[in-house]
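*Asks:* Next comes the structure file query_4.pdb, holding PDB, C-alpha atoms.
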MODEL        1
ATOM      1  CA  MET A 505     100.133 128.690  42.192
ATOM      2  CA  SER A 506     102.148 131.819  42.782
ATOM      3  CA  GLU A 507     104.374 129.938  45.196
ATOM      4  CA  GLN A 508     104.997 127.316  42.546
ATOM      5  CA  ASP A 509     105.993 129.968  40.059
ATOM      6  CA  SER A 510     108.349 131.737  42.406
ATOM      7  CA  SER A 511     110.122 128.654  43.725
ATOM      8  CA  LYS A 512     110.274 126.180  40.869
ATOM      9  CA  GLN A 513     113.768 125.164  41.934
ATOM     10  CA  HIS A 514     112.784 124.214  45.434
ATOM     11  CA  LEU A 515     109.310 122.780  45.179
ATOM     12  CA  PRO A 516     110.300 119.322  43.915
ATOM     13  CA  ARG A 517     112.708 118.979  46.818
ATOM     14  CA  ARG A 518     110.065 119.731  49.329
ATOM     15  CA  GLY A 519     107.780 116.916  48.324
ATOM     16  CA  PHE A 520     110.400 114.223  48.585
ATOM     17  CA  LEU A 521     112.606 115.707  51.268
ATOM     18  CA  GLN A 522     109.791 117.122  53.236
ATOM     19  CA  LEU A 523     111.761 117.620  56.417
ATOM     20  CA  THR A 524     114.807 119.722  56.811
ATOM     21  CA  LEU A 525     117.501 118.308  59.046
ATOM     22  CA  GLY A 526     116.757 120.911  61.668
ATOM     23  CA  ALA A 527     113.184 119.722  61.736
ATOM     24  CA  VAL A 528     114.391 116.180  62.297
ATOM     25  CA  ALA A 529     116.376 117.254  65.322
ATOM     26  CA  ALA A 530     113.386 119.152  66.651
ATOM     27  CA  LEU A 531     110.929 116.273  66.179
ATOM     28  CA  MET A 532     111.188 115.051  69.726
ATOM     29  CA  TRP A 533     109.779 118.264  71.105
ATOM     30  CA  MET A 534     107.051 118.785  68.568
ATOM     31  CA  PRO A 535     103.378 118.563  69.410
ATOM     32  CA  VAL A 536     101.353 115.935  67.561
ATOM     33  CA  SER A 537      99.672 118.455  65.288
ATOM     34  CA  ALA A 538     103.021 119.649  63.996
ATOM     35  CA  LEU A 539     104.148 116.090  63.355
ATOM     36  CA  ALA A 540     101.001 115.371  61.384
ATOM     37  CA  ALA A 541     101.841 118.351  59.195
ATOM     38  CA  LEU A 542     105.265 116.916  58.388
ATOM     39  CA  TRP A 543     103.885 113.576  57.190
ATOM     40  CA  ASN A 544     103.250 113.600  53.439
ATOM     41  CA  LYS A 545      99.520 112.883  53.662
ATOM     42  CA  ALA A 546      98.825 113.433  49.953
ATOM     43  CA  ALA A 547     101.425 110.880  48.898
ATOM     44  CA  PHE A 548     100.687 108.263  51.549
ATOM     45  CA  GLU A 549      96.905 108.387  51.175
ATOM     46  CA  ALA A 550      97.016 108.293  47.364
ATOM     47  CA  THR A 551      95.221 105.215  46.037
ATOM     48  CA  THR A 552      97.121 104.852  42.763
ATOM     49  CA  GLN A 553     100.827 104.626  42.043
ATOM     50  CA  PRO A 554     100.887 107.701  39.742
ATOM     51  CA  GLU A 555      99.095 109.791  42.382
ATOM     52  CA  ALA A 556     101.515 108.647  45.063
ATOM     53  CA  ALA A 557     104.488 109.551  42.860
ATOM     54  CA  LYS A 558     102.878 112.915  42.189
ATOM     55  CA  GLY A 559     102.498 113.430  45.955
ATOM     56  CA  LEU A 560     106.254 112.902  46.250
ATOM     57  CA  GLN A 561     106.731 115.556  43.517
ATOM     58  CA  VAL A 562     108.350 112.931  41.300
ATOM     59  CA  ALA A 563     108.309 113.923  37.638
ATOM     60  CA  GLY A 564     109.791 111.811  34.873
ATOM     61  CA  GLU A 565     111.643 109.098  36.741
ATOM     62  CA  THR A 566     114.325 107.321  34.679
ATOM     63  CA  PRO A 567     114.675 103.520  34.796
ATOM     64  CA  SER A 568     118.012 102.592  36.360
ATOM     65  CA  SER A 569     120.030  99.396  36.699
ATOM     66  CA  GLU A 570     121.939 100.940  39.604
ATOM     67  CA  ILE A 571     119.164 100.244  42.078
ATOM     68  CA  ASP A 572     119.461  96.810  43.684
ATOM     69  CA  ILE A 573     116.241  95.286  44.985
ATOM     70  CA  ILE A 574     116.351  92.060  46.954
ATOM     71  CA  ALA A 575     112.864  90.692  47.523
ATOM     72  CA  PRO A 576     111.440  87.197  47.197
ATOM     73  CA  ASP A 577     110.074  86.061  43.803
ATOM     74  CA  PHE A 578     107.278  84.385  45.685
ATOM     75  CA  ALA A 579     105.866  85.262  49.131
ATOM     76  CA  GLU A 580     103.630  82.832  50.988
ATOM     77  CA  SER A 581     102.090  85.648  53.030
ATOM     78  CA  GLY A 582     101.698  89.252  51.950
ATOM     79  CA  ALA A 583     101.661  90.358  55.589
ATOM     80  CA  VAL A 584     105.445  90.300  55.870
ATOM     81  CA  VAL A 585     107.589  90.636  52.744
ATOM     82  CA  GLN A 586     111.207  91.568  53.375
ATOM     83  CA  VAL A 587     112.582  94.089  50.901
ATOM     84  CA  GLU A 588     116.205  95.174  50.708
ATOM     85  CA  VAL A 589     117.076  98.197  48.596
ATOM     86  CA  LYS A 590     120.450  99.652  47.762
ATOM     87  CA  SER A 591     121.130 102.568  45.462
ATOM     88  CA  ARG A 592     124.460 102.792  43.639
ATOM     89  CA  ILE A 593     123.436 106.119  42.109
ATOM     90  CA  ALA A 594     125.757 108.970  43.119
ATOM     91  CA  ASN A 595     124.285 111.527  45.513
ATOM     92  CA  THR A 596     121.251 109.433  46.414
ATOM     93  CA  GLU A 597     119.218 111.447  48.899
ATOM     94  CA  ALA A 598     116.111 109.361  49.313
ATOM     95  CA  ILE A 599     114.611 105.966  48.546
ATOM     96  CA  ALA A 600     110.848 105.445  48.303
ATOM     97  CA  ILE A 601     109.181 102.020  48.252
ATOM     98  CA  LEU A 602     105.842 101.587  46.484
ATOM     99  CA  VAL A 603     103.637  98.558  45.851
ATOM    100  CA  GLU A 604     101.616  99.269  42.723
ATOM    101  CA  LYS A 605      98.620  97.109  43.606
ATOM    102  CA  ASN A 606      98.261  97.992  47.298
ATOM    103  CA  PRO A 607      95.192 100.058  48.326
ATOM    104  CA  THR A 608      97.632 102.849  49.152
ATOM    105  CA  PRO A 609     100.764 102.182  47.063
ATOM    106  CA  LEU A 610     103.314 104.319  48.912
ATOM    107  CA  ILE A 611     104.865 102.225  51.690
ATOM    108  CA  ALA A 612     107.784 104.295  52.903
ATOM    109  CA  ASN A 613     110.165 107.100  52.003
ATOM    110  CA  PHE A 614     113.655 107.032  53.520
ATOM    111  CA  ILE A 615     115.748 110.204  53.490
ATOM    112  CA  PHE A 616     119.477 109.864  54.132
ATOM    113  CA  SER A 617     121.952 112.343  55.579
ATOM    114  CA  GLY A 618     125.066 112.580  57.710
ATOM    115  CA  GLY A 619     126.981 109.529  56.522
ATOM    116  CA  ALA A 620     124.132 107.067  56.075
ATOM    117  CA  GLU A 621     124.571 104.672  53.164
ATOM    118  CA  PRO A 622     121.694 104.848  50.624
ATOM    119  CA  ALA A 623     120.383 101.426  51.560
ATOM    120  CA  VAL A 624     117.615 100.009  53.733
ATOM    121  CA  VAL A 625     116.059  96.708  54.666
ATOM    122  CA  THR A 626     112.455  96.639  55.833
ATOM    123  CA  ARG A 627     109.356  94.422  55.804
ATOM    124  CA  ILE A 628     106.207  95.441  53.966
ATOM    125  CA  LYS A 629     102.593  94.363  53.440
ATOM    126  CA  MET A 630     101.361  93.322  50.003
ATOM    127  CA  ALA A 631      97.683  92.959  49.121
ATOM    128  CA  GLU A 632      98.338  90.838  46.030
ATOM    129  CA  SER A 633     101.024  89.954  43.502
ATOM    130  CA  SER A 634     102.523  93.217  42.340
ATOM    131  CA  ASN A 635     105.575  95.071  41.254
ATOM    132  CA  VAL A 636     107.536  96.541  44.133
ATOM    133  CA  GLN A 637     108.692  99.852  42.745
ATOM    134  CA  ILE A 638     111.613 101.843  44.061
ATOM    135  CA  ILE A 639     112.051 105.544  43.351
ATOM    136  CA  VAL A 640     115.432 107.084  44.113
ATOM    137  CA  LYS A 641     115.955 110.817  44.406
ATOM    138  CA  ALA A 642     119.449 112.016  43.488
ATOM    139  CA  GLY A 643     119.771 115.779  43.307
ATOM    140  CA  ASP A 644     116.984 117.007  41.052
ATOM    141  CA  ARG A 645     116.603 113.693  39.273
ATOM    142  CA  TYR A 646     114.513 110.628  39.977
ATOM    143  CA  PHE A 647     115.381 107.045  39.088
ATOM    144  CA  THR A 648     113.291 103.920  39.297
ATOM    145  CA  ALA A 649     113.484 100.140  39.314
ATOM    146  CA  ALA A 650     110.937  97.447  40.068
ATOM    147  CA  LYS A 651     110.735  93.802  41.037
ATOM    148  CA  MET A 652     107.728  91.526  40.703
ATOM    149  CA  VAL A 653     106.708  89.665  43.863
ATOM    150  CA  GLU A 654     104.069  86.918  43.637
ATOM    151  CA  VAL A 655     101.900  86.801  46.757
ATOM    152  CA  SER A 656      99.649  83.848  47.574
ATOM    153  CA  LEU A 657      97.909  85.198  50.699
ATOM    154  CA  SER A 658      96.930  88.866  50.936
ATOM    155  CA  GLY A 659      98.573  90.891  53.670
ATOM    156  CA  CYS A 660      96.340  93.949  53.656
TER     157      CYS A 660
ATOM    158  CA  MET B 726     106.424 102.889  76.160
ATOM    159  CA  ARG B 727     106.561 100.267  73.448
ATOM    160  CA  ASP B 728     109.494  97.949  73.197
ATOM    161  CA  MET B 729     112.289  98.476  70.674
ATOM    162  CA  LYS B 730     115.142  96.087  70.048
ATOM    163  CA  MET B 731     118.284  97.576  68.536
ATOM    164  CA  ARG B 732     121.737  96.498  67.483
ATOM    165  CA  ALA B 733     124.585  98.492  65.900
ATOM    166  CA  GLN B 734     127.594  96.520  64.723
ATOM    167  CA  LEU B 735     130.703  97.874  63.055
ATOM    168  CA  LYS B 736     132.211  95.549  60.481
ATOM    169  CA  ALA B 737     134.619  96.397  57.665
ATOM    170  CA  GLY B 738     134.151 100.135  58.180
ATOM    171  CA  ILE B 739     130.369 100.101  57.933
ATOM    172  CA  THR B 740     128.022 100.084  60.903
ATOM    173  CA  GLU B 741     124.914  98.013  60.407
ATOM    174  CA  VAL B 742     122.020  99.247  62.542
ATOM    175  CA  LYS B 743     119.064  96.929  63.023
ATOM    176  CA  ALA B 744     115.858  97.836  64.829
ATOM    177  CA  LEU B 745     112.701  95.924  65.622
ATOM    178  CA  ILE B 746     109.873  98.099  66.900
ATOM    179  CA  SER B 747     106.876  96.680  68.700
ATOM    180  CA  HIS B 748     103.835  98.296  67.032
ATOM    181  CA  PRO B 749     100.462  97.036  65.648
ATOM    182  CA  MET B 750     100.693  99.004  62.335
ATOM    183  CA  GLU B 751      96.912  98.835  61.803
ATOM    184  CA  THR B 752      95.883  99.963  58.326
ATOM    185  CA  GLY B 753      92.364 101.071  59.278
ATOM    186  CA  ARG B 754      90.923  98.545  56.824
ATOM    187  CA  ARG B 755      91.184  95.347  58.871
ATOM    188  CA  LYS B 756      88.070  93.871  60.508
ATOM    189  CA  ASN B 757      88.262  92.165  63.889
ATOM    190  CA  ALA B 758      86.439  88.950  64.916
ATOM    191  CA  LEU B 759      83.264  90.972  65.586
ATOM    192  CA  ASP B 760      83.393  92.390  62.054
ATOM    193  CA  GLU B 761      84.269  95.841  63.392
ATOM    194  CA  THR B 762      86.835  97.916  61.537
ATOM    195  CA  VAL B 763      89.993  98.320  63.590
ATOM    196  CA  PRO B 764      91.017 102.000  63.528
ATOM    197  CA  ALA B 765      94.232 102.953  61.779
ATOM    198  CA  HIS B 766      97.194 102.977  64.125
ATOM    199  CA  PHE B 767     100.577 103.188  62.449
ATOM    200  CA  ILE B 768     103.989 104.804  62.691
ATOM    201  CA  GLN B 769     104.334 107.836  60.420
ATOM    202  CA  LEU B 770     107.788 109.160  61.200
ATOM    203  CA  VAL B 771     111.024 107.491  62.191
ATOM    204  CA  THR B 772     114.214 109.418  62.795
ATOM    205  CA  ALA B 773     117.668 108.089  63.519
ATOM    206  CA  THR B 774     120.651 109.982  64.862
ATOM    207  CA  LEU B 775     124.348 109.248  65.319
ATOM    208  CA  ASN B 776     125.712 111.017  68.437
ATOM    209  CA  GLY B 777     122.696 113.325  68.243
ATOM    210  CA  LYS B 778     123.133 114.245  64.560
ATOM    211  CA  PRO B 779     120.434 113.161  62.074
ATOM    212  CA  VAL B 780     121.380 110.309  59.744
ATOM    213  CA  LEU B 781     118.043 108.962  58.540
ATOM    214  CA  GLU B 782     114.477 110.174  58.416
ATOM    215  CA  ALA B 783     111.714 107.882  57.262
ATOM    216  CA  GLN B 784     108.075 108.557  56.566
ATOM    217  CA  TRP B 785     105.907 105.465  56.672
ATOM    218  CA  GLY B 786     102.407 104.633  55.541
ATOM    219  CA  THR B 787     100.180 101.748  56.591
ATOM    220  CA  GLY B 788     102.050  99.331  54.312
ATOM    221  CA  VAL B 789     104.965  98.705  56.651
ATOM    222  CA  SER B 790     104.474  95.341  58.372
ATOM    223  CA  LYS B 791     103.331  94.902  61.975
ATOM    224  CA  ASN B 792     106.254  95.143  64.421
ATOM    225  CA  PRO B 793     108.379  97.081  61.920
ATOM    226  CA  TYR B 794     111.860  95.928  61.069
ATOM    227  CA  LEU B 795     114.509  98.299  59.767
ATOM    228  CA  THR B 796     118.164  98.001  58.839
ATOM    229  CA  PHE B 797     120.336 100.896  57.740
ATOM    230  CA  TYR B 798     124.059 101.495  57.372
ATOM    231  CA  LEU B 799     126.387 104.213  58.654
ATOM    232  CA  ARG B 800     129.798 105.088  57.247
ATOM    233  CA  ASP B 801     131.224 107.339  59.954
ATOM    234  CA  ALA B 802     130.350 105.565  63.200
ATOM    235  CA  LYS B 803     132.989 104.310  65.637
ATOM    236  CA  VAL B 804     132.776 101.764  68.431
ATOM    237  CA  GLY B 805     131.089 103.426  71.395
ATOM    238  CA  ASP B 806     129.182 105.986  69.304
ATOM    239  CA  LYS B 807     125.503 106.338  70.163
ATOM    240  CA  VAL B 808     122.798 105.504  67.635
ATOM    241  CA  ALA B 809     119.278 106.562  68.593
ATOM    242  CA  ILE B 810     115.931 105.926  66.893
ATOM    243  CA  THR B 811     112.675 107.761  67.646
ATOM    244  CA  TRP B 812     109.267 107.074  66.119
ATOM    245  CA  HIS B 813     105.928 108.882  66.158
ATOM    246  CA  ASP B 814     102.572 107.376  65.174
ATOM    247  CA  ASN B 815      99.247 108.739  63.938
ATOM    248  CA  ARG B 816      97.765 108.684  67.454
ATOM    249  CA  GLY B 817     100.481 110.806  68.991
ATOM    250  CA  GLU B 818     102.294 107.918  70.615
ATOM    251  CA  SER B 819     106.047 107.789  70.343
ATOM    252  CA  GLY B 820     108.940 105.632  71.354
ATOM    253  CA  SER B 821     112.679 105.625  71.191
ATOM    254  CA  GLY B 822     115.731 103.496  71.683
ATOM    255  CA  GLU B 823     119.458 104.100  71.898
ATOM    256  CA  ILE B 824     122.404 101.782  71.602
ATOM    257  CA  ALA B 825     126.200 102.030  71.452
ATOM    258  CA  VAL B 826     128.066 100.801  68.384
ATOM    259  CA  THR B 827     129.922  97.542  69.049
ATOM    260  CA  ALA B 828     132.571  95.713  67.040
ATOM    261  CA  ALA B 829     131.248  92.693  65.181
TER     262      ALA B 829
ENDMDL
END
Now that the file is in, can you turn its structure into C-alpha cells?
*Replies:*
Amino acid sequence: MSEQDSSKQHLPRRGFLQLTLGAVAALMWMPVSALAALWNKAAFEATTQPEAAKGLQVAGETPSSEIDIIAPDFAESGAVVQVEVKSRIANTEAIAILVEKNPTPLIANFIFSGGAEPAVVTRIKMAESSNVQIIVKAGDRYFTAAKMVEVSLSGC
Amino acid sequence: MRDMKMRAQLKAGITEVKALISHPMETGRRKNALDETVPAHFIQLVTATLNGKPVLEAQWGTGVSKNPYLTFYLRDAKVGDKVAITWHDNRGESGSGEIAVTAA
C-alpha cells in the first residue's frame, strides 16, 4: 500500500510494461526463477477479463477506432485463429490481446521499443465464440477495441 | 533445442519479421488419450532484438496456439542487419534464432 502511495505515477507502467529494456537484454543470462518473476502471473492466470485487465494495471480504457483488428468472422477451429492487430494511436507502447470467454482471457502482451511498429500478427486459441479484445497502452492512457469471432470447434 | 523458422524482409522501408516456433503450448487443461491431464508447457517470454538492441518483448499465456506464429515490423532495419528472437517457457526451456534482413 505504501509503495502504491509513493509511486502513483509509476505503478501503472509497471503492470503493463513489466520489463525494462535493460531486463530484456539481460534475459538470456537469467536463471529460470528470475524469468518466472518477470512474467505477469496475476494477469495471465486471471479467469475473467476484468481481472486480467486489472492485472495489467489497466484502468478506464477508452474505446478507439484507431486500432485495426483483422480476424476471421467465423473460425472453423478455435485451436488456431489468426489475429492481426495494428495501432494507429500515437506513442503506442504495448498491445495486449484478450479473449473474453477463454478460461484465462489474457493471451499475450506485446511491448514495443527501438523502432518496432505497433503491430503484430499471431495465432491464438479460442474456447468458444467470443469477442477478441485489444488493449493498447499509449503513455498513461489505455485504449480498446474488440472484434467478435464465431468459433464452431473449441480450441482450449 | 527446438526449431525456429525465421524470415526478415525489407520492403518499402519496413522490415517484416516472421517467426514460427516449434513448441507444444500445452495449457495444462488438455487430457490425453488415457484421460490424464497433460501438464502446462508454454512459452512465457519472447524477446526480439535488432543488432542486439531490444525491439519487442512479448509475454504470453497458454492461449497462444501450438507452434506459435509471430509477425512484427521494424522501421530502422537495413539489409544485412541481424534480427534475433529468444523465447523462454514455464519449464525453463529456451530457444533462439537469428537471421539477416534481406531485400524483398
*Asks:* Report, in Å to a single decimal, how far apart atom CA of Met652 of chain A and atom CA of Lys545 of chain A are.
*Replies:*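 Answer for the atom CA of Lys545 of chain A to atom CA of Met652 of chain A separation: 26.3 Å.
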*Asks:* Once the PyMOL selection byres ((chain B and resi 790-807) around 6) has been evaluated on this model, what residues remain selected, and can you format them as a PyMOL selection string?
*Replies:* (chain A and resi 584+619-621+624-629) or (chain B and resi 739-750+775-776+789+808+824-827)
*Asks:* Let me know the residues the ChimeraX specification (/B :<8) & /A catches in the file above, as a ChimeraX atom specification.
*Replies:* /A:525,528-529,532,536,539-540,543-544,548-549,583-585,608-630,660
*Asks:* From the set A:Val653, A:Val587, A:Ile593, A:Leu602, which residue has the shortest atom-to-atom contact distance to Thr551 of chain A, counting all atoms listed in the file?
*Replies:* A:Leu602
*Asks:* What is the atom CA of Thr648 of chain A-atom CA of Ile571 of chain A distance in Å, reported with one decimal?
*Replies:*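 Answer for the atom CA of Thr648 of chain A to atom CA of Ile571 of chain A separation: 7.5 Å.
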*Asks:* Kindly provide, as AutoDock Vina command-line options, the centre and edge lengths (Å, one decimal) of an axis-aligned box around all atoms of segment 760-777 of chain B given in the file, with 3 Å on each side.
*Replies:*
--center_x 104.6 --center_y 102.9 --center_z 64.4 --size_x 48.3 --size_y 26.9 --size_z 14.0
*Asks:* If you measure from atom CA of Glu632 of chain A to atom CA of Gln553 of chain A, what distance in Å do you get, rounded to one decimal?
*Replies:*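 Separation between atom CA of Glu632 of chain A and atom CA of Gln553 of chain A: 14.6 Å.
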*Asks:* Considering only C-alpha atoms, can you say which of B:Ile810, B:Ile768, B:Leu759, B:Ala829 comes closest to Lys736 of chain B?
*Replies:*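 Once distances to Lys736 of chain B are computed over only C-alpha atoms, the minimum belongs to B:Ala829.
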*Asks:* Excluding Arg592 of chain A and residues on its chain fewer than 6 positions from it, collect all residues at most 12 Å away from it, counting only C-alpha atoms, and give them as an NGL selection string.
*Replies:* :A and (568-573 or 599 or 621-623 or 640-642 or 647)
*Asks:* Out of B:Thr762, B:Ala828, B:Ala809, B:Gly822, which residue has the shortest atom-to-atom distance to Leu735 of chain B when counting all atoms listed in the file?
*Replies:* B:Ala828
*Asks:* Where atoms are missing, can you supply all heavy atoms for segment 615-626 of chain A and output the lot as a short mmCIF file (atom, residue, chain, number, x, y, z; two decimals), keeping the file's coordinate frame?
*Replies:*
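Once written, part09.cif looks like this:
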data_model
loop_
_atom_site.label_atom_id
_atom_site.label_comp_id
_atom_site.auth_asym_id
_atom_site.auth_seq_id
_atom_site.Cartn_x
_atom_site.Cartn_y
_atom_site.Cartn_z
N ILE A 615 114.92 109.06 53.88
CA ILE A 615 115.75 110.20 53.49
C ILE A 615 117.07 110.13 54.27
O ILE A 615 117.06 110.07 55.50
CB ILE A 615 115.00 111.52 53.79
CG1 ILE A 615 113.67 111.53 53.01
CG2 ILE A 615 115.86 112.73 53.42
CD1 ILE A 615 112.67 112.56 53.50
N PHE A 616 118.17 110.11 53.53
CA PHE A 616 119.48 109.86 54.13
C PHE A 616 120.26 111.16 54.30
O PHE A 616 120.15 112.06 53.49
CB PHE A 616 120.28 108.91 53.24
CG PHE A 616 119.54 107.64 52.94
CD1 PHE A 616 118.81 107.50 51.77
CD2 PHE A 616 119.55 106.60 53.85
CE1 PHE A 616 118.11 106.34 51.50
CE2 PHE A 616 118.85 105.43 53.60
CZ PHE A 616 118.12 105.30 52.42
N SER A 617 121.08 111.18 55.35
CA SER A 617 121.95 112.34 55.58
C SER A 617 123.10 111.91 56.49
O SER A 617 123.10 110.78 56.96
CB SER A 617 121.15 113.48 56.24
OG SER A 617 120.59 113.01 57.44
N GLY A 618 124.04 112.79 56.70
CA GLY A 618 125.07 112.58 57.71
C GLY A 618 125.78 111.25 57.72
O GLY A 618 125.96 110.66 58.77
N GLY A 619 126.17 110.74 56.55
CA GLY A 619 126.98 109.53 56.52
C GLY A 619 126.20 108.24 56.52
O GLY A 619 126.76 107.18 56.80
N ALA A 620 124.91 108.30 56.22
CA ALA A 620 124.13 107.07 56.08
C ALA A 620 124.28 106.57 54.64
O ALA A 620 124.20 107.34 53.69
CB ALA A 620 122.66 107.32 56.40
N GLU A 621 124.51 105.27 54.50
CA GLU A 621 124.57 104.67 53.16
C GLU A 621 123.16 104.67 52.56
O GLU A 621 122.18 104.48 53.29
CB GLU A 621 125.05 103.21 53.27
CG GLU A 621 126.49 103.07 53.69
CD GLU A 621 127.42 103.35 52.53
OE1 GLU A 621 127.14 102.91 51.41
OE2 GLU A 621 128.43 104.03 52.76
N PRO A 622 123.03 104.86 51.24
CA PRO A 622 121.69 104.85 50.62
C PRO A 622 121.17 103.42 50.45
O PRO A 622 121.09 102.91 49.34
CB PRO A 622 121.91 105.55 49.28
CG PRO A 622 123.35 105.30 48.97
CD PRO A 622 124.09 105.20 50.29
N ALA A 623 120.86 102.81 51.57
CA ALA A 623 120.38 101.43 51.56
C ALA A 623 119.52 101.17 52.78
O ALA A 623 119.80 101.69 53.86
CB ALA A 623 121.57 100.47 51.55
N VAL A 624 118.48 100.39 52.60
CA VAL A 624 117.62 100.01 53.73
C VAL A 624 117.10 98.59 53.55
O VAL A 624 117.01 98.08 52.42
CB VAL A 624 116.37 100.93 53.89
CG1 VAL A 624 116.73 102.28 54.43
CG2 VAL A 624 115.58 101.03 52.60
N VAL A 625 116.78 97.98 54.68
CA VAL A 625 116.06 96.71 54.67
C VAL A 625 114.83 96.92 55.53
O VAL A 625 114.93 97.44 56.64
CB VAL A 625 116.89 95.56 55.27
CG1 VAL A 625 116.15 94.23 55.11
CG2 VAL A 625 118.27 95.49 54.65
N THR A 626 113.65 96.54 55.01
CA THR A 626 112.46 96.64 55.83
C THR A 626 111.47 95.55 55.41
O THR A 626 111.74 94.77 54.48
CB THR A 626 111.84 98.05 55.77
OG1 THR A 626 110.85 98.16 56.79
CG2 THR A 626 111.22 98.36 54.42
#
